[in-house]
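To be precise, the following lines are query-v3.txt, and they hold compact mmCIF, C-alpha atoms (C1' of nucleotides).
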```txt
# COMPACT_ATOMS: atom_id res chain seq x y z
CA MET A 1224 0.55 -6.05 8.51
CA PRO A 1225 -2.65 -7.75 7.71
CA GLU A 1226 -5.74 -6.83 9.69
CA LEU A 1227 -9.14 -8.46 9.39
CA PRO A 1228 -9.92 -7.35 5.80
CA GLU A 1229 -6.57 -8.60 4.54
CA VAL A 1230 -6.91 -11.94 6.36
CA GLU A 1231 -10.48 -12.33 5.12
CA THR A 1232 -9.22 -11.73 1.58
CA MET A 1233 -6.59 -14.44 2.15
CA ARG A 1234 -9.30 -16.80 3.39
CA ARG A 1235 -11.41 -16.30 0.29
CA ASP A 1236 -8.48 -16.68 -2.05
CA LEU A 1237 -7.18 -19.78 -0.26
CA GLN A 1238 -10.62 -21.29 -0.59
CA LYS A 1239 -10.52 -20.82 -4.35
CA VAL A 1240 -7.15 -22.53 -4.63
CA ALA A 1241 -7.51 -25.30 -2.09
CA ARG A 1242 -11.15 -26.20 -1.43
CA GLY A 1243 -11.61 -29.96 -1.38
CA THR A 1244 -7.95 -30.73 -2.07
CA ALA A 1245 -5.67 -33.03 -0.12
CA ILE A 1246 -2.24 -32.15 1.19
CA THR A 1247 0.44 -34.30 -0.40
CA ASP A 1248 3.57 -32.81 1.12
CA VAL A 1249 4.69 -30.03 3.47
CA GLU A 1250 8.07 -28.30 3.44
CA VAL A 1251 9.07 -26.30 6.51
CA LEU A 1252 11.70 -23.92 5.16
CA ASP A 1253 11.96 -21.91 8.39
CA GLU A 1254 11.22 -23.69 11.66
CA LYS A 1255 10.70 -20.39 13.44
CA VAL A 1256 7.26 -19.78 11.94
CA VAL A 1257 5.91 -23.18 13.01
CA VAL A 1258 4.48 -23.60 16.52
CA GLY A 1259 5.86 -26.79 18.08
CA GLU A 1260 7.97 -29.48 16.47
CA PRO A 1261 8.22 -29.25 12.67
CA ASP A 1262 7.90 -33.05 12.37
CA VAL A 1263 4.65 -33.04 14.32
CA PHE A 1264 3.40 -30.10 12.26
CA ILE A 1265 4.14 -31.91 9.00
CA GLU A 1266 2.64 -35.21 10.16
CA GLY A 1267 -0.49 -33.38 11.21
CA LEU A 1268 -1.04 -32.13 7.67
CA VAL A 1269 0.19 -34.67 5.13
CA GLY A 1270 -2.56 -36.87 3.71
CA LYS A 1271 -5.36 -34.71 5.10
CA MET A 1272 -8.08 -33.03 3.09
CA ILE A 1273 -8.84 -29.32 3.60
CA THR A 1274 -12.58 -29.07 4.10
CA ASP A 1275 -13.40 -25.61 5.43
CA PHE A 1276 -11.90 -22.15 5.50
CA ASP A 1277 -12.68 -20.06 8.56
CA ARG A 1278 -11.27 -17.00 10.28
CA ARG A 1279 -11.38 -15.54 13.76
CA GLY A 1280 -10.04 -12.00 13.99
CA LYS A 1281 -6.71 -12.05 12.19
CA VAL A 1282 -6.33 -15.84 12.52
CA LEU A 1283 -7.00 -18.13 9.56
CA ILE A 1284 -8.49 -21.52 10.38
CA LEU A 1285 -8.25 -24.25 7.73
CA ARG A 1286 -10.24 -27.30 8.87
CA LEU A 1287 -8.97 -30.75 7.99
CA ASN A 1288 -11.02 -33.88 7.44
CA ASP A 1289 -9.57 -35.59 10.53
CA GLY A 1290 -10.90 -32.88 12.86
CA HIS A 1291 -7.62 -31.05 13.17
CA ALA A 1292 -7.11 -27.49 11.99
CA LEU A 1293 -4.26 -25.50 10.49
CA LEU A 1294 -4.10 -22.05 12.05
CA GLY A 1295 -2.24 -19.15 10.46
CA HIS A 1296 -1.43 -15.68 11.74
CA PRO A 1297 0.44 -13.35 9.35
CA ARG A 1298 1.42 -10.82 12.06
CA MET A 1299 3.31 -7.96 10.35
CA THR A 1300 4.52 -9.25 6.99
CA GLY A 1301 3.11 -12.74 6.54
CA ARG A 1302 1.16 -13.58 3.39
CA PHE A 1303 -0.06 -16.58 1.48
CA PHE A 1304 0.64 -17.22 -2.17
CA GLY A 1305 -1.03 -19.77 -4.40
CA LEU A 1306 1.56 -21.14 -6.77
CA LYS A 1307 1.76 -23.81 -9.41
CA SER A 1308 4.11 -26.57 -8.39
CA THR A 1309 6.68 -25.33 -10.90
CA ASP A 1310 6.71 -21.67 -9.76
CA ALA A 1311 9.84 -20.52 -7.92
CA LEU A 1312 9.67 -19.61 -4.23
CA SER A 1313 10.62 -16.16 -3.01
CA ARG A 1314 13.54 -15.83 -0.59
CA PHE A 1315 10.97 -15.14 2.15
CA ALA A 1316 9.04 -18.39 1.68
CA ARG A 1317 8.74 -20.11 5.08
CA VAL A 1318 6.38 -23.05 4.57
CA ALA A 1319 5.19 -24.70 1.35
CA ILE A 1320 2.08 -26.89 1.39
CA HIS A 1321 1.74 -29.08 -1.70
CA LEU A 1322 -1.77 -29.98 -2.82
CA ASP A 1323 -3.06 -32.81 -4.99
CA ASN A 1324 -4.31 -30.32 -7.60
CA ASN A 1325 -0.76 -29.55 -8.66
CA LYS A 1326 -0.66 -26.30 -6.70
CA ARG A 1327 1.12 -25.10 -3.59
CA ILE A 1328 0.08 -22.82 -0.80
CA VAL A 1329 3.18 -20.90 0.28
CA PHE A 1330 3.40 -18.97 3.54
CA ASP A 1331 5.82 -16.13 2.87
CA ASP A 1332 6.96 -13.77 5.61
CA ILE A 1333 9.68 -11.11 5.46
CA ARG A 1334 10.02 -10.36 9.18
CA ARG A 1335 9.33 -13.89 10.43
CA PHE A 1336 6.80 -12.79 13.07
CA GLY A 1337 4.01 -14.85 11.48
CA ARG A 1338 3.04 -18.30 12.80
CA LEU A 1339 1.42 -21.50 11.58
CA GLU A 1340 0.04 -24.06 14.04
CA VAL A 1341 -1.74 -27.42 13.79
CA VAL A 1342 -4.21 -28.27 16.57
CA SER A 1343 -6.93 -30.78 17.28
CA GLN A 1344 -10.54 -29.69 17.35
CA ALA A 1345 -10.63 -30.16 21.13
CA ALA A 1346 -7.57 -27.97 21.69
CA LEU A 1347 -8.66 -25.18 19.37
CA ASP A 1348 -9.45 -22.64 22.07
CA GLU A 1349 -6.17 -23.25 23.87
CA ALA A 1350 -4.16 -22.93 20.68
CA GLU A 1351 -1.32 -20.44 20.93
CA LEU A 1352 -2.74 -18.43 18.04
CA LEU A 1353 -6.29 -18.27 19.42
CA ARG A 1354 -5.59 -17.93 23.13
CA ASN A 1355 -6.13 -14.16 23.28
CA ILE A 1356 -8.77 -13.76 20.60
CA GLY A 1357 -12.18 -12.35 21.51
CA ALA A 1358 -15.35 -11.76 19.49
CA ASP A 1359 -14.81 -11.17 15.80
CA ALA A 1360 -14.97 -7.55 14.66
CA LEU A 1361 -17.48 -8.23 11.88
CA ALA A 1362 -19.98 -9.44 14.50
CA CYS A 1363 -19.20 -6.64 16.93
CA GLU A 1364 -22.09 -5.95 19.35
CA PRO A 1365 -22.77 -2.52 20.87
CA GLY A 1366 -23.46 -3.88 24.37
CA HIS A 1367 -20.20 -5.76 24.37
CA VAL A 1368 -18.19 -2.66 23.44
CA VAL A 1369 -19.95 -0.58 26.09
CA GLN A 1370 -19.05 -3.12 28.77
CA ALA A 1371 -15.48 -3.59 27.58
CA LEU A 1372 -14.64 0.12 27.61
CA ARG A 1373 -16.38 0.98 30.83
CA LYS A 1374 -13.63 0.33 33.37
CA ARG A 1375 -10.53 0.88 31.32
CA THR A 1376 -8.29 3.93 31.54
CA ILE A 1377 -6.39 3.24 28.32
CA PRO A 1378 -7.04 5.51 25.32
CA VAL A 1379 -9.98 4.24 23.28
CA LYS A 1380 -7.74 3.69 20.25
CA VAL A 1381 -5.48 1.40 22.28
CA ALA A 1382 -8.57 -0.52 23.42
CA LEU A 1383 -9.59 -1.09 19.81
CA LEU A 1384 -6.24 -2.77 19.18
CA ASP A 1385 -6.80 -5.23 22.06
CA GLN A 1386 -7.74 -8.47 20.30
CA LYS A 1387 -9.41 -9.79 23.43
CA ILE A 1388 -11.96 -6.97 23.31
CA ILE A 1389 -12.58 -6.98 19.55
CA ALA A 1390 -10.67 -9.34 17.27
CA GLY A 1391 -9.52 -8.12 13.89
CA ILE A 1392 -8.93 -4.38 14.18
CA GLY A 1393 -5.34 -3.29 13.54
CA ASN A 1394 -3.48 -0.02 13.47
CA ILE A 1395 -4.79 1.32 10.16
CA TYR A 1396 -8.47 0.57 10.62
CA ALA A 1397 -8.48 1.68 14.29
CA SER A 1398 -7.72 5.27 13.20
CA GLU A 1399 -10.29 5.03 10.41
CA ILE A 1400 -13.03 3.75 12.74
CA LEU A 1401 -12.53 6.56 15.27
CA PHE A 1402 -12.49 9.15 12.49
CA ARG A 1403 -15.91 7.97 11.39
CA CYS A 1404 -17.14 8.16 14.97
CA GLY A 1405 -15.81 11.69 15.43
CA LEU A 1406 -13.95 10.53 18.53
CA ASP A 1407 -10.51 11.64 19.66
CA PRO A 1408 -8.30 8.52 19.81
CA ARG A 1409 -6.79 9.70 23.11
CA THR A 1410 -10.14 9.66 24.89
CA PRO A 1411 -9.88 7.46 28.00
CA SER A 1412 -12.05 4.39 27.38
CA TYR A 1413 -14.16 5.00 30.49
CA ARG A 1414 -15.15 8.41 29.15
CA VAL A 1415 -16.63 6.99 25.96
CA THR A 1416 -20.41 7.23 26.32
CA PRO A 1417 -22.67 4.22 25.63
CA ASP A 1418 -23.89 5.92 22.46
CA GLU A 1419 -20.34 6.46 21.29
CA ALA A 1420 -19.43 2.85 22.10
CA ALA A 1421 -22.42 1.73 20.05
CA ALA A 1422 -21.21 3.92 17.19
CA ILE A 1423 -17.78 2.28 17.46
CA ALA A 1424 -19.38 -1.17 17.14
CA CYS A 1425 -21.32 0.00 14.10
CA GLU A 1426 -18.41 1.72 12.34
CA THR A 1427 -16.07 -1.17 13.11
CA ALA A 1428 -18.30 -3.48 11.10
CA ASN A 1429 -18.78 -0.86 8.37
CA VAL A 1430 -15.11 -0.01 7.89
CA LEU A 1431 -13.89 -3.60 7.97
CA ALA A 1432 -16.60 -4.77 5.58
CA GLU A 1433 -15.55 -2.00 3.20
CA GLY A 1434 -11.94 -3.08 3.59
CA VAL A 1435 -12.95 -6.62 2.63
CA LYS A 1436 -14.89 -5.30 -0.36
CA TYR A 1437 -11.74 -3.58 -1.64
CA ARG A 1438 -9.57 -6.62 -0.88
CA GLY A 1439 -7.56 -4.93 1.85
CA THR A 1440 -5.06 -2.11 2.18
CA THR A 1441 -1.58 -2.27 0.62
CA ILE A 1442 0.81 0.33 1.97
CA SER A 1443 3.96 -1.67 1.45
CA ASP A 1444 4.18 -5.43 1.89
CA TYR A 1445 0.66 -6.79 1.83
CA ARG A 1446 -0.24 -8.70 -1.32
CA THR A 1447 -3.25 -10.82 -2.18
CA MET A 1448 -2.74 -14.46 -3.08
CA ASP A 1449 -2.03 -13.73 -6.72
CA GLY A 1450 0.48 -11.01 -5.79
CA ALA A 1451 -1.87 -8.07 -6.43
CA ARG A 1452 -2.16 -5.06 -4.16
CA GLY A 1453 -5.29 -4.29 -2.16
CA ASN A 1454 -7.34 -1.22 -3.10
CA TYR A 1455 -8.47 0.27 0.20
CA GLN A 1456 -5.34 2.44 0.62
CA ASP A 1457 -6.95 4.90 -1.82
CA ARG A 1458 -9.98 5.26 0.45
CA LEU A 1459 -8.26 5.93 3.77
CA MET A 1460 -9.54 9.10 5.42
CA VAL A 1461 -6.80 9.69 8.01
CA TYR A 1462 -4.15 6.93 8.16
CA GLY A 1463 -0.92 8.16 6.58
CA ARG A 1464 -2.40 11.61 5.83
CA GLU A 1465 -0.43 13.61 8.40
CA GLY A 1466 -0.61 17.33 7.61
CA GLY A 1467 -3.40 16.84 5.04
CA THR A 1468 -6.79 18.52 5.10
CA CYS A 1469 -9.64 16.62 6.71
CA LEU A 1470 -11.79 14.87 4.10
CA ARG A 1471 -15.01 15.22 6.06
CA GLU A 1472 -17.41 17.47 4.19
CA GLY A 1473 -17.32 20.98 5.59
CA CYS A 1474 -14.36 20.33 7.90
CA ASP A 1475 -11.10 22.24 7.40
CA GLY A 1476 -9.18 20.47 10.16
CA ILE A 1477 -5.63 19.16 9.68
CA ILE A 1478 -4.78 15.48 10.15
CA GLN A 1479 -2.45 14.97 13.11
CA LYS A 1480 -0.04 12.10 13.75
CA ILE A 1481 0.70 11.05 17.33
CA ALA A 1482 1.92 7.90 19.06
CA LEU A 1483 -0.36 5.86 21.35
CA ALA A 1484 1.02 2.71 22.95
CA GLY A 1485 3.95 3.09 20.59
CA ARG A 1486 1.80 2.99 17.44
CA SER A 1487 1.21 5.77 14.90
CA THR A 1488 -2.25 7.24 15.31
CA TYR A 1489 -3.95 9.68 12.95
CA TYR A 1490 -6.90 11.96 13.62
CA CYS A 1491 -8.49 15.26 12.62
CA ASN A 1492 -7.85 18.04 15.13
CA LYS A 1493 -11.24 19.59 14.45
CA CYS A 1494 -13.92 16.96 14.01
CA GLN A 1495 -12.67 14.25 16.40
CA ARG A 1496 -13.54 15.18 19.98
CA LYS A 1497 -12.96 13.71 23.41
CA GLY A 1498 -16.57 12.77 23.94
CA ARG A 1499 -19.59 14.74 22.91
CA ASN A 1500 -21.05 17.25 25.35
CA ARG A 1501 -17.71 17.33 27.11
CA LYS A 1502 -15.12 19.46 25.47
C1' DG B 409 22.89 5.18 8.52
C1' DA B 410 18.70 6.20 11.14
C1' DT B 411 13.89 5.43 11.10
C1' DA B 412 9.50 3.34 10.73
C1' DA B 413 6.59 -0.58 9.56
C1' DT B 414 -0.95 -3.24 8.66
C1' DG B 415 1.28 -7.38 15.39
C1' DT B 416 1.73 -9.69 19.61
C1' DT B 417 3.93 -11.02 23.95
C1' DC B 418 6.54 -10.58 28.07
C1' DG B 419 8.74 -8.53 31.99
C1' DA B 420 8.81 -4.55 34.86
C1' DT B 421 6.29 -1.17 37.12
C1' DC B 422 2.37 1.12 39.04
C1' DA C 906 -4.21 -9.08 41.56
C1' DG C 907 -4.84 -6.46 37.80
C1' DA C 908 -3.77 -2.78 34.58
C1' DT C 909 -0.50 -0.42 31.86
C1' DC C 910 3.89 0.65 29.54
C1' DG C 911 7.94 -0.14 26.98
C1' DA C 912 10.98 -3.33 25.06
C1' DA C 913 11.65 -7.23 22.33
C1' DC C 914 11.10 -10.08 18.36
C1' DA C 915 13.43 -9.77 12.79
C1' DT C 916 13.90 -7.72 8.54
C1' DT C 917 13.30 -4.62 4.82
C1' DA C 918 12.45 -0.29 2.59
C1' DT C 919 12.96 4.58 2.50
```
Could you rewrite the structure in this file as structure tokens?
Amino acid sequence: MPELPEVETMRRDLQKVARGTAITDVEVLDEKVVVGEPDVFIEGLVGKMITDFDRRGKVLILRLNDGHALLGHPRMTGRFFGLKSTDALSRFARVAIHLDNNKRIVFDDIRRFGRLEVVSQAALDEAELLRNIGADALACEPGHVVQALRKRTIPVKVALLDQKIIAGIGNIYASEILFRCGLDPRTPSYRVTPDEAAAIACETANVLAEGVKYRGTTISDYRTMDGARGNYQDRLMVYGREGGTCLREGCDGIIQKIALAGRSTYYCNKCQRKGRNRK
DNA sequence: GATAATGTTCGATC
DNA sequence: AGATCGAACATTAT
């Protein structure tokens, strides 16, 4: 479930728990969530110090002092918990990383779609988890969005979910971004004007930064590292508000729910149009 | 019991 | 060849 704001919150919390610590032991409780051989994964981590905490799109990048990196992608239900070494694991715990500060980082994942991967510095860009990741959404540039949308026929909302175009936007924030732009999510990408594409770049950064500020959106499974819920769900303008009145000042439209590329999409039937000066 | 879920990938089709 | 679409993955919560 996590999108960029949720993963960024994980990054910050992980940093608090694990900065400058060394990994003393790794338990792979479910081989499915580890890319490659579990033995190789474990050997790549034990005895290493965690030096830096980065993120690209929805991928966490923990740098190790030997030049390798631990990558993590939570996909739909993955989350990280910071536990004392005596705390019990949940039944969804998949990997436990023991640290020399008497704490554990636990990767917990109900649906088992999430993945953890260890790669060398040199192989970072070819890593399974980073292979299809483009420019990060928080550094989204107008010119880049204009170019990316220009020749595509897919609905603009579907384009926003393409991690190769912009990395970090997910299904909740995509609807929120287009609401702020006043753009109909079904608009074919090639019909989005350069000005509208620039607005998308701007609102993408705005919405995601706000999501980070509120520590993410919890609708059901997402939890921060200490088990708390995010707070952005109370600020959503359209996602999950099917049938509700538009919250834009002066607009009395009704929020619609449709499916695009198989994903729920929410928009206001009055103030989100298929391109300005068009209809 | 049917349905939907904050994500990505792959095979089939256009 | 490249773009697009739907199914698949796995499991829970409602």
Would you list which chain A residues are within 9 Å of chain C using only C-alpha atoms (C1' of nucleotides), as a compact mmCIF listing (two decimals) with C-alpha atoms, in the frame of the given file?
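Full text of iface_15.txt as output:
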```
# COMPACT_ATOMS: atom_id res chain seq x y z
CA ILE A 1333 9.68 -11.11 5.46
CA ARG A 1334 10.02 -10.36 9.18
CA ARG A 1335 9.33 -13.89 10.43
CA PHE A 1336 6.80 -12.79 13.07
CA ARG A 1375 -10.53 0.88 31.32
CA THR A 1376 -8.29 3.93 31.54
CA ILE A 1377 -6.39 3.24 28.32
CA SER A 1443 3.96 -1.67 1.45
CA ALA A 1484 1.02 2.71 22.95
CA GLY A 1485 3.95 3.09 20.59
```
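Take atom CA of A:Ala1422 and atom C1' of B:DA413: the distance between them is 29.2 Å.
With distances restricted to all atoms listed in the file, A:Arg1354 is the closest residue to B:DT417 from A:Ser1398, A:Leu1347, A:Arg1235, A:Arg1354.
The nearest approach to chain B among the residues A:Thr1488, A:Thr1300, A:Gln1370, A:Ser1313, with all atoms listed in the file taken into account, belongs to A:Thr1300.
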If we count all atoms listed in the file, which residues of chain B reach to within 9 Å of chain A? Please list them as a PDB file with C-alpha atoms (C1' of nucleotides), in the frame of the given file.
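See selection_35.pdb below for the written result:
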```
ATOM      1  C1'  DA B 413       6.590  -0.580   9.560  1.00  0.00           C
ATOM      2  C1'  DT B 414      -0.950  -3.240   8.660  1.00  0.00           C
ATOM      3  C1'  DG B 415       1.280  -7.380  15.390  1.00  0.00           C
ATOM      4  C1'  DT B 416       1.730  -9.690  19.610  1.00  0.00           C
TER       5       DT B 416
END
```
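One finds atom CA of A:Val1379 at 26.4 Å from atom CA of A:Leu1283.
You will find atom CA of A:Ala1360 at 22.9 Å from atom CA of A:Arg1452.
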Nearest-residue call for A:Gly1463, choices A:Phe1276, A:Phe1330, A:Tyr1490, A:Phe1303, using all atoms listed in the file: A:Tyr1490
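Residues in contact range of A:Ile1478, defined as at most 8 Å between all atoms listed in the file, with sequence neighbours fewer than 5 positions away removed, read Val1461, Arg1464, Glu1465, Gly1466, Gly1467, Thr1468, Cys1469, Tyr1489, Tyr1490, Cys1491 and Asn1492 of chain A.
Close contacts of A:Thr1244, defined as residues with an atom at most 7 Å away when counting only C-alpha atoms (C1' of nucleotides), with chain neighbours fewer than 5 positions off set aside, comprise A:Met1272, A:Ile1273, A:Leu1322, A:Asp1323, A:Asn1324.
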Any idea what's packed within 6 Å of A:Thr1274, counting only C-alpha atoms (C1' of nucleotides), ignoring anything in its chain fewer than 5 positions away? Could you give it as a ChimeraX atom specification? /A:1243,1286-1287
